[in-house]
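Q: Below is the file query.txt, which contains compact mmCIF, C-alpha atoms.
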```txt
# COMPACT_ATOMS: atom_id res chain seq x y z
CA ASP A 578 93.43 92.42 40.41
CA GLU A 579 95.34 90.99 43.34
CA ASP A 580 97.70 93.99 43.67
CA ARG A 581 94.75 96.37 43.98
CA ARG A 582 92.98 94.16 46.53
CA ASP A 583 96.21 93.88 48.50
CA ARG A 584 96.62 97.68 48.61
CA THR A 585 92.99 98.07 49.69
CA ARG A 586 93.52 95.65 52.57
CA GLN A 587 96.68 97.50 53.56
CA THR A 588 94.83 100.83 53.51
CA ASP A 589 92.13 99.39 55.77
CA ARG A 590 94.83 98.40 58.25
CA LEU A 591 96.65 101.76 58.14
CA THR A 592 94.73 103.41 60.98
CA ASP A 593 95.25 100.44 63.29
CA GLU A 594 98.94 100.31 62.36
CA ARG A 595 99.40 103.97 63.32
CA ALA A 596 97.68 103.43 66.64
CA ARG A 597 100.29 100.84 67.59
CA HIS A 598 103.18 103.30 67.23
CA HIS A 599 102.96 104.85 70.69
CA SER A 600 106.66 105.82 70.49
CA ALA A 601 105.82 108.26 67.67
CA PRO A 602 102.58 110.07 68.58
CA ASP A 603 100.90 112.18 65.92
CA THR A 604 102.40 115.65 65.71
CA MET A 605 102.09 118.37 63.09
CA SER A 606 103.61 121.71 62.25
CA LYS A 607 102.59 124.62 64.48
CA PRO A 608 99.73 126.98 63.54
CA GLY A 609 100.92 129.92 61.48
CA THR A 610 104.01 128.24 60.03
CA ASN A 611 104.61 128.56 56.30
CA GLN A 612 108.31 128.14 55.59
CA VAL A 613 111.17 125.80 54.75
CA ASP A 614 113.93 125.42 57.32
CA VAL A 615 117.44 124.17 56.54
CA GLU A 616 119.88 122.84 59.13
CA ILE A 617 123.37 121.91 57.97
CA ARG A 618 124.69 119.53 60.59
CA GLY A 619 128.29 119.03 61.59
CA ASP A 620 128.41 115.69 59.80
CA GLY A 621 127.66 117.38 56.47
CA VAL A 622 123.99 116.34 56.27
CA ALA A 623 121.59 119.14 55.36
CA VAL A 624 118.11 118.57 56.81
CA VAL A 625 115.38 120.39 54.89
CA VAL A 626 112.08 120.71 56.79
CA LEU A 627 108.83 121.53 54.98
CA ASP A 628 106.84 123.42 57.60
CA HIS A 629 103.36 124.61 56.65
CA PHE A 630 100.51 124.06 59.08
CA PRO A 631 98.80 121.67 59.26
CA LEU A 632 100.01 119.13 56.66
CA ASN A 633 102.93 120.85 54.94
CA THR A 634 101.05 121.58 51.73
CA LEU A 635 102.84 123.32 48.87
CA SER A 636 101.99 126.99 49.25
CA ASN A 637 103.73 129.66 47.21
CA ASN A 638 105.93 130.45 50.21
CA LEU A 639 106.87 126.80 50.65
CA GLN A 640 107.90 126.58 46.99
CA LEU A 641 110.03 129.71 47.38
CA GLY A 642 111.55 128.03 50.44
CA ILE A 643 112.38 124.90 48.45
CA GLU A 644 114.12 127.10 45.89
CA ALA A 645 116.12 128.93 48.56
CA ALA A 646 117.03 125.67 50.33
CA ALA A 647 118.36 124.11 47.14
CA GLU A 648 120.38 127.23 46.31
CA LYS A 649 121.85 127.32 49.83
CA ILE A 650 122.83 123.64 49.67
CA ALA A 651 124.34 123.97 46.20
CA ALA A 652 126.54 126.83 47.41
CA ASP A 653 127.77 125.04 50.55
CA LYS A 654 130.66 122.71 49.73
CA SER A 655 130.48 121.15 53.21
CA VAL A 656 127.17 119.45 52.43
CA LYS A 657 127.60 115.74 51.71
CA ALA A 658 123.96 114.64 51.66
CA VAL A 659 120.44 116.01 52.07
CA VAL A 660 117.38 114.71 53.94
CA VAL A 661 114.02 116.28 53.07
CA ARG A 662 111.24 115.81 55.60
CA GLY A 663 107.98 117.34 56.74
CA ALA A 664 107.48 119.08 60.07
CA GLY A 665 105.83 116.75 62.58
CA ASN A 666 104.97 113.19 61.59
CA ARG A 667 101.46 113.47 60.17
CA ALA A 668 102.62 114.40 56.68
CA PHE A 669 105.70 114.72 54.55
CA CYS A 670 103.59 116.90 52.28
CA ALA A 671 99.90 116.48 51.53
CA GLY A 672 99.99 118.13 48.11
CA ALA A 673 99.32 121.59 46.72
CA ASP A 674 97.78 124.44 48.69
CA VAL A 675 95.32 125.19 45.91
CA VAL A 676 93.72 128.18 47.63
CA ASP A 677 97.06 129.89 48.21
CA LEU A 678 98.41 129.14 44.74
CA ASN A 679 95.36 130.78 43.16
CA LYS A 680 96.10 134.05 44.96
CA GLN A 681 98.20 136.89 43.57
CA HIS A 682 101.80 136.80 44.79
CA ASP A 683 104.53 139.36 44.24
CA LYS A 684 107.13 136.63 43.81
CA ARG A 685 106.99 133.04 42.65
CA ALA A 686 109.62 130.31 42.38
CA LYS A 687 111.59 130.40 39.15
CA LYS A 688 111.08 126.70 38.45
CA ARG A 689 108.63 123.92 39.21
CA PHE A 690 109.02 122.59 42.76
CA THR A 691 110.16 119.21 41.42
CA GLU A 692 113.16 120.74 39.62
CA TYR A 693 115.31 121.77 42.58
CA PHE A 694 116.56 118.71 44.45
CA GLU A 695 117.30 116.31 41.59
CA PRO A 696 120.10 118.46 40.03
CA LEU A 697 122.04 118.71 43.31
CA ASN A 698 125.44 117.00 43.23
CA VAL A 699 124.90 115.22 46.55
CA PRO A 700 122.43 112.43 47.42
CA VAL A 701 118.96 113.70 48.36
CA VAL A 702 116.71 111.43 50.43
CA ALA A 703 113.01 112.08 50.99
CA ALA A 704 112.06 110.86 54.48
CA ILE A 705 108.30 110.28 54.31
CA GLN A 706 106.50 110.49 57.64
CA GLY A 707 102.73 110.14 57.42
CA PHE A 708 101.28 111.09 54.05
CA ALA A 709 103.01 112.02 50.79
CA LEU A 710 100.10 112.85 48.51
CA GLY A 711 99.76 114.55 45.14
CA GLY A 712 102.49 117.15 44.82
CA GLY A 713 104.04 115.78 48.00
CA LEU A 714 104.65 112.42 46.34
CA GLU A 715 105.86 114.19 43.21
CA LEU A 716 108.34 116.16 45.32
CA ALA A 717 109.55 112.91 46.91
CA LEU A 718 109.91 111.33 43.46
CA SER A 719 112.17 114.22 42.46
CA CYS A 720 114.61 113.22 45.20
CA HIS A 721 117.25 110.58 44.47
CA TYR A 722 116.00 108.17 47.14
CA ARG A 723 112.85 107.73 49.23
CA VAL A 724 112.39 106.07 52.61
CA ILE A 725 109.08 105.85 54.45
CA ALA A 726 107.91 105.30 58.00
CA ASP A 727 106.12 102.01 58.50
CA ASN A 728 102.89 103.89 59.25
CA GLY A 729 103.18 106.18 56.21
CA ALA A 730 101.31 106.19 52.91
CA VAL A 731 101.64 107.62 49.41
CA GLY A 732 99.14 108.47 46.70
CA LEU A 733 98.08 110.65 43.80
CA PRO A 734 94.48 111.52 44.74
CA GLU A 735 93.98 114.32 42.18
CA VAL A 736 91.51 112.17 40.24
CA ASN A 737 89.08 112.54 43.14
CA ILE A 738 88.63 116.22 42.21
CA GLY A 739 88.73 115.63 38.47
CA LEU A 740 92.41 116.40 37.89
CA LEU A 741 95.54 114.57 36.78
CA PRO A 742 98.90 114.88 38.55
CA GLY A 743 100.48 118.14 37.42
CA GLY A 744 103.94 118.01 38.97
CA GLU A 745 105.58 115.44 36.69
CA GLY A 746 103.97 112.51 38.53
CA THR A 747 102.71 111.09 35.24
CA GLN A 748 106.34 110.78 34.11
CA ARG A 749 108.21 110.03 37.33
CA LEU A 750 105.92 107.41 38.85
CA PRO A 751 105.97 105.04 35.82
CA ARG A 752 109.78 105.18 35.86
CA VAL A 753 109.91 103.59 39.31
CA ALA A 754 106.68 101.58 39.49
CA GLY A 755 106.07 100.66 35.85
CA ALA A 756 103.29 101.95 33.63
CA LYS A 757 100.54 99.56 34.79
CA LEU A 758 100.89 100.14 38.52
CA ALA A 759 101.44 103.87 38.05
CA LEU A 760 98.28 104.21 35.95
CA ASP A 761 96.31 102.19 38.47
CA LEU A 762 97.44 104.48 41.28
CA MET A 763 96.62 107.63 39.29
CA VAL A 764 93.13 106.58 38.19
CA SER A 765 92.12 105.04 41.52
CA GLY A 766 93.32 107.86 43.77
CA GLN A 767 94.10 105.28 46.44
CA HIS A 768 96.47 105.84 49.34
CA VAL A 769 99.11 103.10 49.33
CA PRO A 770 100.53 102.18 52.76
CA ALA A 771 104.28 101.76 53.26
CA PRO A 772 104.50 98.00 52.50
CA GLY A 773 102.65 98.49 49.21
CA ALA A 774 104.79 101.49 48.29
CA LEU A 775 107.92 99.38 48.82
CA LYS A 776 106.48 96.55 46.74
CA MET A 777 105.72 99.01 43.94
CA LYS A 778 109.30 100.40 44.21
CA VAL A 779 107.96 103.88 44.89
CA VAL A 780 110.17 103.89 48.00
CA ASP A 781 113.52 102.26 48.61
CA ALA A 782 113.09 101.21 52.24
CA VAL A 783 110.64 101.13 55.15
CA PHE A 784 111.74 101.96 58.71
CA PRO A 785 110.05 102.26 62.11
CA ALA A 786 108.53 105.72 62.43
CA ALA A 787 110.64 106.63 65.46
CA LYS A 788 113.87 105.81 63.60
CA LEU A 789 113.05 107.16 60.14
CA ILE A 790 115.12 110.35 60.17
CA ASP A 791 118.20 108.67 61.65
CA GLU A 792 117.98 105.86 59.10
CA ALA A 793 117.53 108.34 56.24
```
Starting from the file, give its structure as structure tokens.

A:
Amino acid sequence: DEDRRDRTRQTDRLTDERARHHSAPDTMSKPGTNQVDVEIRGDGVAVVVLDHFPLNTLSNNLQLGIEAAAEKIAADKSVKAVVVRGAGNRAFCAGADVVDLNKQHDKRAKKRFTEYFEPLNVPVVAAIQGFALGGGLELALSCHYRVIADNGAVGLPEVNIGLLPGGEGTQRLPRVAGAKLALDLMVSGQHVPAPGALKMKVVDAVFPAAKLIDEA
């Protein structure tokens, strides 16, 4: 249908669109990083940074970091709002680190990674730079609001490896995009560029990449 053709055209233009953003060159987390950092600024905004080289995928350690970040924020009465972002600007979070999650770990998060930010008593905004795919999109959907850089994209590509979204995406995406568009996104595995994500109501606003964090 026309919506699908429109998203395909937008995807085809995504690479060219990124090339035009010289003010925000591609950067990524540094090799060896596998952590979540929290900075509580003087204005009461807590900035949570997902930092796992190269594309901030959800390793076991990252999920433990999300748990610790949420607990720290909940205990700090000075926090008035939260911004969740990925390290660098290539990805907010590109999904699960399947290899790491299949390993044995001495400790695992007590809850699913999508169950930490939503219960917080302050607004939580996901600032999507680059890709939010699979579990990364599901994590963003568990935040109260989502903003995206104008060269970003979202998607649930699990179908491409014979899987369905496993982090509540099958429930959360239809709530914002409607059942038809959500199903289309899940069964196609397409990446939807920022304008399409806004049209689908997956995100609340689109901003220039260089200004995304300040606007969030």

Q: Please identify all polymer residues within 8 Å of range 614-619 of chain A, counting all atoms listed in the file, omitting same-chain residues fewer than 5 positions from it, and present them as a VMD selection string.

A: chain A and resid 624 to 628 642 646 656

Q: Please report the interatomic distance between CA of Leu762 in chain A and CA of Ala717 in chain A in Å with one decimal.

A: 15.8 Å

Q: So, counting all atoms listed in the file, which residue among A:Gln612, A:Gln706, A:Asn728, A:Thr691 is closest to Arg662 in chain A?

A: A:Gln706

Q: To one decimal place in Å, what is the distance between CA of Ala793 in chain A and CA of Asp674 in chain A?

A: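 CA of Asp674 in chain A lies at a distance of 26.6 Å from CA of Ala793 in chain A.
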
Q: So how far away is CA of Val702 in chain A from CA of Asp761 in chain A, in Å?

A: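 Atom-to-atom, CA of Asp761 in chain A and CA of Val702 in chain A are spaced 25.4 Å apart.
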
Q: Taking only C-alpha atoms into account, which of A:Gln681, A:Leu697, A:Ala709, A:Ile725 comes nearest Val783 in chain A?

A: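 The shortest atom-to-atom distance to Val783 in chain A comes from A:Ile725.
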
Q: Any idea what's packed within 10 Å of Ala651 in chain A, counting all atoms listed in the file, ignoring anything in its chain fewer than 6 positions away? Could you give it as a PyMOL selection string?

A: chain A and resi 645+693-694+696-699

Q: Using all atoms listed in the file, which of the listed residues (A:Lys657, A:Lys778, A:Arg752, A:His768) sits closest to Gly711 in chain A?

A: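 Smallest distance to Gly711 in chain A is found for A:His768.
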
Q: For Ala787 in chain A, which residue among A:Asn666, A:Thr610, A:Gly739, A:His682 is the nearest when counting all atoms listed in the file?

A: A:Asn666

Q: May I have the residues at most 9 Å from (103.6, 112.1, 47.4) in the file's coordinates, counting all atoms listed in the file, as a list in words?

A: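 Those residues, ordered by chain and then number, are Phe669, Cys670, Ala671, Gly672, Ile705, Phe708, Ala709, Leu710, Gly711, Gly712, Gly713, Leu714, Glu715, Leu716, Ala717, Leu718, Ala730, Val731, Gly732, Leu733 and Gly746 of chain A.
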
Q: Counting all atoms listed in the file, which residue out of A:Val779, A:Val659, A:Phe690, A:Asn638 sits closest to Ala759 in chain A?

A: A:Val779

Q: For a quick check of understanding, using all atoms listed in the file, which of A:Val661, A:Leu758, A:Val675, A:Met763 has the smallest distance to Glu695 in chain A?

A: A:Val661

Q: Give me the residues near Pro772 in chain A as a list in words, where near means some atom within 8 Å (using all atoms listed in the file) and where sequence neighbours in that chain fewer than 3 positions away do not count.

A: Gln587, Asp727, Leu775, Lys776 and Val783 of chain A

Q: Within 8 Å of Val753 in chain A, counting all atoms listed in the file, which residues show up once you throw out same-chain ones fewer than 2 positions away? Write them as a list in words, please.

A: Arg749, Leu750, Pro751, Gly755, Met777, Lys778 and Val779 of chain A

Q: So that I can see what lies close to Arg685 in chain A, please list as number ranges by chain the residues with an atom at most 10 Å from it, counting all atoms listed in the file and leaving out residues fewer than 3 positions away in the same chain.

A: A: 637-638, 640-641, 644, 678, 681-682, 688-689
